[in-house]
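Text of structure-v5.cif, listed as mmCIF, C-alpha atoms:
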```
data_data
#
loop_
_atom_site.label_atom_id
_atom_site.label_comp_id
_atom_site.auth_asym_id
_atom_site.auth_seq_id
_atom_site.Cartn_x
_atom_site.Cartn_y
_atom_site.Cartn_z
CA MET T 1 -18.98 -2.27 12.64
CA ASP T 2 -22.25 -3.83 13.71
CA LEU T 3 -23.16 -1.56 16.60
CA PRO T 4 -26.61 -0.09 17.31
CA GLY T 5 -27.93 2.95 15.46
CA PRO T 6 -26.98 6.37 16.83
CA ILE T 7 -23.69 5.18 18.40
CA HIS T 8 -22.75 3.87 15.01
CA ASP T 9 -23.53 7.11 13.21
CA PHE T 10 -21.66 9.22 15.72
CA LEU T 11 -18.66 6.90 15.62
CA LEU T 12 -18.67 6.86 11.83
CA VAL T 13 -18.69 10.66 11.59
CA PHE T 14 -16.04 11.08 14.27
CA LEU T 15 -13.66 8.46 12.94
CA GLY T 16 -14.32 9.47 9.35
CA SER T 17 -13.35 13.06 9.98
CA GLY T 18 -10.26 11.86 11.86
CA LEU T 19 -9.31 9.73 8.86
CA ILE T 20 -9.86 12.56 6.38
CA LEU T 21 -7.83 15.08 8.35
CA GLY T 22 -5.13 12.55 9.13
CA GLY T 23 -4.81 11.54 5.49
CA LEU T 24 -4.46 15.17 4.43
CA GLY T 25 -1.94 15.69 7.21
CA VAL T 26 0.31 12.87 6.07
CA VAL T 27 0.58 14.25 2.57
CA LEU T 28 0.45 17.99 3.08
CA LEU T 29 2.33 18.75 6.30
CA THR T 30 5.89 19.91 5.70
CA ASN T 31 7.48 18.73 8.91
CA PRO T 32 7.93 14.96 8.57
CA ILE T 33 7.45 14.33 12.30
CA TYR T 34 4.01 15.97 12.17
CA SER T 35 3.07 13.83 9.22
CA ALA T 36 4.30 10.72 11.09
CA PHE T 37 2.05 11.63 14.01
CA SER T 38 -0.95 12.16 11.77
CA LEU T 39 -0.23 8.75 10.27
CA GLY T 40 -0.46 7.41 13.82
CA LEU T 41 -3.85 9.14 14.15
CA VAL T 42 -5.00 7.42 10.95
CA PHE T 43 -3.92 4.04 12.32
CA VAL T 44 -5.78 4.57 15.60
CA CYS T 45 -8.97 5.65 13.79
CA ILE T 46 -8.82 2.59 11.56
CA SER T 47 -8.32 0.39 14.58
CA LEU T 48 -11.45 1.86 16.16
CA PHE T 49 -13.31 1.08 12.94
CA TYR T 50 -12.54 -2.59 13.32
CA ILE T 51 -13.79 -2.78 16.91
CA PRO T 52 -15.86 -5.98 17.13
CA HIS T 53 -13.20 -7.98 15.25
CA PHE T 54 -9.88 -9.40 16.34
CA VAL T 55 -8.03 -7.33 13.73
CA ALA T 56 -8.60 -4.19 15.80
CA ALA T 57 -6.14 -5.38 18.42
CA ALA T 58 -3.70 -6.62 15.78
CA GLN T 59 -3.87 -3.29 13.93
CA LEU T 60 -3.34 -1.28 17.09
CA LEU T 61 -0.44 -3.39 18.35
CA ILE T 62 1.40 -3.82 15.08
CA TYR T 63 0.73 -0.61 13.24
CA VAL T 64 0.72 1.91 16.06
CA GLY T 65 3.04 0.00 18.35
CA ALA T 66 5.66 -1.17 15.88
CA ILE T 67 5.36 0.39 12.43
CA ASN T 68 4.66 3.93 13.55
CA VAL T 69 7.58 3.79 15.99
CA LEU T 70 9.80 2.47 13.19
CA ILE T 71 8.73 5.29 10.90
CA ILE T 72 9.51 7.87 13.58
CA PHE T 73 12.93 6.24 14.00
CA ALA T 74 13.51 6.59 10.27
CA VAL T 75 12.44 10.24 10.33
CA MET T 76 14.74 10.96 13.27
CA PHE T 77 17.66 9.45 11.38
CA MET T 78 17.38 11.97 8.63
CA ASN T 79 18.98 15.29 9.28
CA GLY T 80 16.28 17.83 10.02
CA SER T 81 17.98 20.90 8.65
CA GLU T 82 17.17 20.24 5.05
CA TYR T 83 13.42 20.23 5.56
CA TYR T 84 12.86 23.80 6.53
CA ASN T 85 13.79 25.27 3.20
CA ASP T 86 10.99 26.32 0.93
CA PHE T 87 9.68 23.04 -0.31
CA ASN T 88 6.20 23.84 -1.50
CA LEU T 89 7.00 24.39 -5.12
CA TRP T 90 3.96 23.15 -6.99
CA THR T 91 5.30 21.50 -10.13
CA VAL T 92 3.47 20.40 -13.23
CA GLY T 93 3.82 16.79 -12.14
CA ASP T 94 1.98 17.55 -8.90
CA GLY T 95 -0.94 18.98 -10.86
CA VAL T 96 -1.13 16.03 -13.23
CA THR T 97 -0.98 13.58 -10.33
CA SER T 98 -3.71 15.40 -8.44
CA VAL T 99 -5.97 15.30 -11.51
CA VAL T 100 -5.30 11.57 -11.96
CA CYS T 101 -5.88 10.79 -8.28
CA THR T 102 -9.09 12.81 -8.21
CA SER T 103 -10.34 10.92 -11.22
CA ILE T 104 -9.43 7.61 -9.59
CA PHE T 105 -11.35 8.67 -6.48
CA ALA T 106 -14.36 9.82 -8.51
CA SER T 107 -14.53 6.58 -10.48
CA LEU T 108 -14.26 4.54 -7.26
CA ILE T 109 -17.08 6.54 -5.66
CA THR T 110 -19.25 6.10 -8.75
CA THR T 111 -18.66 2.35 -8.72
CA ILE T 112 -19.35 2.04 -5.00
CA LEU T 113 -22.59 4.01 -5.13
CA ASP T 114 -23.80 2.23 -8.25
CA THR T 115 -23.37 -1.33 -7.00
CA SER T 116 -26.34 -2.86 -5.26
CA TRP T 117 -24.64 -4.33 -2.20
CA TYR T 118 -27.77 -5.45 -0.42
CA GLY T 119 -28.78 -7.66 -3.31
CA ILE T 120 -25.50 -9.52 -2.88
CA ILE T 121 -26.00 -9.83 0.89
CA TRP T 122 -29.38 -11.51 0.47
CA THR T 123 -28.03 -14.09 -1.91
CA THR T 124 -25.04 -15.02 0.26
CA ARG T 125 -26.89 -15.18 3.59
CA SER T 126 -28.30 -18.59 2.76
CA ASN T 127 -24.81 -20.09 2.42
CA GLN T 128 -23.80 -19.61 6.01
CA ILE T 129 -23.85 -22.56 8.35
CA ILE T 130 -25.48 -22.05 11.72
CA GLU T 131 -23.10 -24.27 13.67
CA GLN T 132 -20.28 -21.81 13.10
CA ASP T 133 -21.91 -19.59 15.72
CA LEU T 134 -20.81 -21.93 18.49
CA ILE T 135 -17.13 -21.47 17.73
CA SER T 136 -15.59 -18.22 18.94
CA ASN T 137 -13.90 -15.69 16.72
CA SER T 138 -10.28 -16.48 17.54
CA GLN T 139 -10.89 -20.20 17.19
CA GLN T 140 -12.26 -19.60 13.72
CA ILE T 141 -9.15 -17.67 12.82
CA GLY T 142 -7.02 -20.61 13.94
CA ILE T 143 -9.17 -23.06 12.01
CA HIS T 144 -8.93 -21.04 8.82
CA LEU T 145 -5.19 -20.42 9.11
CA SER T 146 -4.58 -24.14 9.41
CA THR T 147 -7.01 -25.38 6.79
CA ASP T 148 -8.08 -22.87 4.15
CA PHE T 149 -4.99 -20.72 4.08
CA PHE T 150 -2.42 -23.42 4.64
CA PHE T 151 -0.19 -24.11 1.67
CA HIS T 152 0.35 -27.80 1.21
CA LEU T 153 3.61 -28.65 -0.48
CA ASN T 154 2.30 -31.91 -1.95
CA MET X 1 -25.72 3.03 3.68
CA MET X 2 -23.16 2.05 6.27
CA LEU X 3 -21.17 -0.15 3.92
CA GLU X 4 -20.88 2.54 1.32
CA HIS X 5 -19.66 5.14 3.79
CA VAL X 6 -16.80 2.93 4.92
CA LEU X 7 -15.92 2.02 1.35
CA VAL X 8 -15.86 5.68 0.33
CA LEU X 9 -13.52 6.42 3.24
CA SER X 10 -11.21 3.63 2.15
CA ALA X 11 -11.27 4.87 -1.45
CA TYR X 12 -10.34 8.34 -0.19
CA LEU X 13 -7.39 6.97 1.79
CA PHE X 14 -6.28 4.97 -1.23
CA SER X 15 -6.27 7.93 -3.60
CA ILE X 16 -4.59 10.22 -1.06
CA GLY X 17 -1.98 7.53 -0.56
CA ILE X 18 -1.32 7.25 -4.29
CA TYR X 19 -1.03 11.02 -4.60
CA GLY X 20 1.38 11.23 -1.69
CA LEU X 21 3.44 8.29 -2.92
CA ILE X 22 3.94 9.80 -6.35
CA THR X 23 4.52 13.42 -5.40
CA SER X 24 6.49 13.22 -2.17
CA ARG X 25 10.07 14.42 -2.43
CA ASN X 26 11.07 12.75 0.79
CA MET X 27 11.44 8.97 0.77
CA VAL X 28 10.14 8.42 4.30
CA ARG X 29 6.95 10.28 3.41
CA ALA X 30 6.58 7.98 0.40
CA LEU X 31 6.83 4.97 2.73
CA MET X 32 4.18 6.52 4.99
CA CYS X 33 1.83 6.93 2.02
CA LEU X 34 2.45 3.31 1.06
CA GLU X 35 1.27 2.34 4.54
CA LEU X 36 -1.85 4.45 3.93
CA ILE X 37 -2.57 2.49 0.75
CA LEU X 38 -2.18 -0.85 2.53
CA ASN X 39 -4.47 0.29 5.32
CA ALA X 40 -7.13 1.35 2.83
CA VAL X 41 -7.03 -2.13 1.31
CA ASN X 42 -7.32 -3.63 4.79
CA ILE X 43 -10.41 -1.57 5.56
CA ASN X 44 -12.00 -2.94 2.41
CA PHE X 45 -11.18 -6.53 3.31
CA VAL X 46 -12.50 -6.28 6.86
CA THR X 47 -15.65 -4.39 5.85
CA PHE X 48 -16.55 -6.92 3.19
CA SER X 49 -15.91 -9.82 5.52
CA ASP X 50 -18.07 -8.11 8.12
CA PHE X 51 -21.00 -7.74 5.75
CA PHE X 52 -20.87 -10.83 3.59
CA ASP X 53 -19.05 -13.45 5.60
CA ASN X 54 -20.11 -12.78 9.14
CA ARG X 55 -19.66 -16.36 10.33
CA GLN X 56 -16.31 -17.32 8.89
CA LEU X 57 -14.50 -13.96 8.57
CA LYS X 58 -12.09 -15.01 5.86
CA GLY X 59 -11.42 -11.42 4.82
CA ASP X 60 -10.33 -10.68 8.38
CA ILE X 61 -7.73 -13.39 8.19
CA PHE X 62 -6.34 -12.21 4.90
CA SER X 63 -6.01 -8.73 6.33
CA ILE X 64 -3.72 -10.19 9.01
CA PHE X 65 -1.50 -11.40 6.18
CA VAL X 66 -1.52 -7.91 4.70
CA ILE X 67 -0.56 -6.42 8.08
CA ALA X 68 2.36 -8.85 8.32
CA ILE X 69 3.57 -7.95 4.84
CA ALA X 70 3.25 -4.25 5.60
CA ALA X 71 5.29 -4.72 8.78
CA ALA X 72 8.06 -6.53 6.90
CA GLU X 73 8.14 -3.86 4.23
CA ALA X 74 8.14 -1.10 6.84
CA ALA X 75 11.22 -2.71 8.32
CA ILE X 76 13.13 -3.00 5.06
CA GLY X 77 12.11 0.36 3.57
CA PRO X 78 13.71 2.62 6.19
CA ALA X 79 16.79 0.38 6.19
CA ILE X 80 17.29 1.01 2.48
CA VAL X 81 16.49 4.70 2.91
CA SER X 82 19.06 5.15 5.66
CA ALA X 83 21.66 3.28 3.63
CA ILE X 84 21.06 5.67 0.75
CA TYR X 85 21.04 8.62 3.13
CA ARG X 86 24.38 7.62 4.58
CA ASN X 87 25.76 7.53 1.07
CA ARG X 88 24.09 10.61 -0.36
CA LYS X 89 23.50 12.86 2.68
CA SER X 90 20.03 13.62 1.25
CA THR X 91 16.80 11.74 0.59
CA ARG X 92 15.28 14.05 -1.99
CA ILE X 93 14.08 11.76 -4.69
CA ASN X 94 13.81 14.30 -7.49
CA GLN X 95 17.32 15.56 -7.01
CA SER X 96 18.95 12.20 -6.95
CA ASN X 97 21.87 12.16 -9.32
CA LEU X 98 22.75 8.56 -8.70
CA LEU X 99 22.74 7.72 -12.38
CA ASN X 100 24.67 10.72 -13.67
CA LYS X 101 27.61 9.64 -15.72
CA TYR X 102 31.11 9.59 -14.25
CA ASP X 103 29.62 10.43 -10.90
CA ASP X 104 29.19 7.36 -8.78
CA PRO X 105 31.55 4.39 -8.98
CA LEU X 106 29.01 2.26 -7.14
CA ILE X 107 26.63 2.15 -10.10
CA GLN X 108 27.71 0.26 -13.19
CA LEU X 109 26.48 0.00 -16.77
CA VAL X 110 24.71 3.36 -16.67
CA GLU X 111 22.42 4.34 -19.53
CA ASP X 112 21.16 7.88 -19.64
CA TYR X 113 18.95 9.31 -22.40
CA LYS X 114 16.82 12.43 -22.41
CA TRP X 115 13.21 12.02 -23.39
CA ILE X 116 10.84 14.89 -22.55
CA ASN X 117 12.75 17.90 -21.37
CA PHE X 118 9.74 19.83 -20.11
CA PHE X 119 8.86 17.38 -17.39
CA ASP X 120 12.48 16.41 -16.80
CA PHE X 121 11.77 12.90 -18.03
CA ASP X 122 14.97 11.02 -18.59
CA TRP X 123 15.52 7.37 -19.20
CA ARG X 124 18.15 5.96 -16.90
CA LEU X 125 19.29 2.46 -16.09
CA GLY X 126 22.04 1.25 -13.87
CA ILE X 127 23.16 -1.71 -11.76
CA ASP X 128 24.25 -1.32 -8.17
CA GLY X 129 25.02 -3.81 -5.43
CA LEU X 130 21.43 -4.14 -4.31
CA SER X 131 19.98 -4.84 -7.74
CA ILE X 132 22.64 -7.23 -9.04
CA GLY X 133 21.03 -10.10 -7.13
CA PRO X 134 17.58 -9.87 -8.75
CA ILE X 135 19.12 -9.26 -12.17
CA LEU X 136 21.26 -12.41 -12.01
CA LEU X 137 18.32 -14.38 -10.65
CA THR X 138 16.10 -13.13 -13.47
CA GLY X 139 18.65 -14.11 -16.09
CA PHE X 140 19.10 -17.55 -14.56
CA ILE X 141 15.39 -18.24 -14.25
CA THR X 142 14.63 -16.95 -17.74
CA THR X 143 17.25 -19.33 -19.15
CA LEU X 144 15.79 -22.22 -17.23
CA ALA X 145 12.26 -21.31 -18.29
CA THR X 146 13.26 -21.06 -21.94
CA LEU X 147 14.98 -24.43 -21.83
CA ALA X 148 12.05 -26.00 -20.02
CA ALA X 149 9.72 -24.59 -22.66
CA TRP X 150 11.70 -26.01 -25.57
CA PRO X 151 9.14 -28.69 -26.49
CA VAL X 152 6.33 -26.09 -26.77
CA THR X 153 5.02 -26.38 -30.29
CA ARG X 154 1.55 -24.78 -30.16
CA ASP X 155 1.53 -20.96 -30.32
CA SER X 156 5.25 -20.93 -29.62
CA ARG X 157 5.74 -17.34 -30.64
CA LEU X 158 3.02 -16.15 -28.26
CA PHE X 159 4.56 -18.24 -25.52
CA HIS X 160 8.01 -16.78 -25.98
CA PHE X 161 6.54 -13.30 -26.19
CA LEU X 162 4.87 -13.86 -22.84
CA ILE X 163 8.08 -14.94 -21.12
CA ARG X 164 10.27 -12.38 -22.79
CA ASN X 165 10.23 -10.02 -19.73
#
```
Before we go any further, please render this structure as structure tokens.
Amino acid sequence: MDLPGPIHDFLLVFLGSGLILGGLGVVLLTNPIYSAFSLGLVFVCISLFYIPHFVAAAQLLIYVGAINVLIIFAVMFMNGSEYYNDFNLWTVGDGVTSVVCTSIFASLITTILDTSWYGIIWTTRSNQIIEQDLISNSQQIGIHLSTDFFFHLN
Amino acid sequence: MMLEHVLVLSAYLFSIGIYGLITSRNMVRALMCLELILNAVNINFVTFSDFFDNRQLKGDIFSIFVIAIAAAEAAIGPAIVSAIYRNRKSTRINQSNLLNKYDDPLIQLVEDYKWINFFDFDWRLGIDGLSIGPILLTGFITTLATLAAWPVTRDSRLFHFLIRN
């Protein structure tokens, strides 16, 4: 996400609200097909987040094109008649889990806002080699997959 | 400012995914929330590689691995769910009576003990056709590991405690 100023802010707000609503939709909607579609919305918003990288295309193709379709297959397999009964019984376990998840979220936010990220950026900038600029993105992916991430059996 | 916004969004997706995974009564919805969790982790990887590793993008590459693993798991998960659905005619997790005694001939060596009645916490164990493979493999490998560790003489009790599984 290294795009110029106001485009970046607008895109962040737009995609962020799409992510928030989509995440709520996956968990809270009763009809499983609706929640599968909101999961697809989440995948598309995440893919737009990744836009200058190669992973954006991979995310869109694989997640939206294959995994979301597979999930909708799985939902279609299940018989729909059992889902329209009254399912929104809020049990004690739901309350405990929501308290735990909110506390996990709060502790993550506290950690994120307390860490000085820009101090880390300044100390790692000096390690980067300038010649790597001449190799394109996809070529770097190939280089890394065959050297750094390649498991040698000997 | 930008980095923290994206990280907060990914933390939100992660906690919503955990909540949905634990409380969903429908197994397909649980698989969908697992995909949410994996996507949140991916956002973190790509964002960090964007900010700290702009030349080599190693976090990007690892997120491709995570996408591949998520795809494989999204293929197997619904297969298992539909196998269970064919057997049980229902995918409600909290009403599964698979381990009730005398009920299902497909599950062997069933243990069933009540623990906390208020939350409906029971303690149940059983072996079915899908889990017999890992159980046999675990027994075999534990035997091999114990035999291979026979000459361990320093801190041997700690060592055997660590491999006790």
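Interatomic distance, atom CA of X:Ile37 to atom CA of T:Ile109: 16.4 Å.
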Item to check | Residues selected by the PyMOL selection byres ((chain T) within 6 of (chain X)), written as a PyMOL selection string | outcome: chain T and resi 27+74+94+101+105+121
Checklist entry - What is the distance, in Å and to one decimal place, between atom CA of T:Ser138 and atom CA of T:Val55? => result 10.2 Å
Box in all listed atoms of stretch 134-139 of chain T, axis-aligned, with 3 Å more on each side; write out centre and edge lengths in Å to one decimal as lines of an AutoDock Vina configuration file.
```
center_x = -15.5
center_y = -18.8
center_z = 17.8
size_x = 16.5
size_y = 12.2
size_z = 8.2
```
Checklist entry - Which distance in Å separates atom CA of T:Gly65 and atom CA of T:Gly40, to one decimal? => result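 Between these atoms lies a distance of 9.4 Å.
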Checklist entry - For T:Tyr63, which residue out of T:Leu12, T:Leu28, T:Val44, T:Leu89 is the nearest one, using only C-alpha atoms? => result T:Val44
Next on the checklist: Residue by residue, what does the PyMOL selection byres ((chain T and resi 50) around 10) grab here? Present the result as a PyMOL selection string.
Outcome noted: (chain T and resi 1-2+45-49+51-57+59) or (chain X and resi 43+46-47+50+60)
Item to check | Proximity to X:Val41 - best of X:Gly139, X:Gly126, X:Pro151, X:Gly59, all atoms listed in the file | outcome: X:Gly59
Checklist outcome for this item: Judged by all atoms listed in the file, the minimum distance to T:Ala58 among X:Leu130, X:Phe65, X:Phe161, X:Ile107 is found for X:Phe65
Next on the checklist: Counting only C-alpha atoms, which residues sit no farther than 7 Å from the position (1.1, 14.8, 8.5) in the file's frame? I'd like them as number ranges by chain.
Outcome noted: T: 22, 24-29, 32, 34-39
Next on the checklist: Taking (18.9, 5.0, -15.3) in the coordinates of the supplied file, I want to know which residues reach to within 6 Å of it, counting all atoms listed in the file; could you give the answer as a PyMOL selection string?
Outcome noted: chain X and resi 99+111-112+123-126
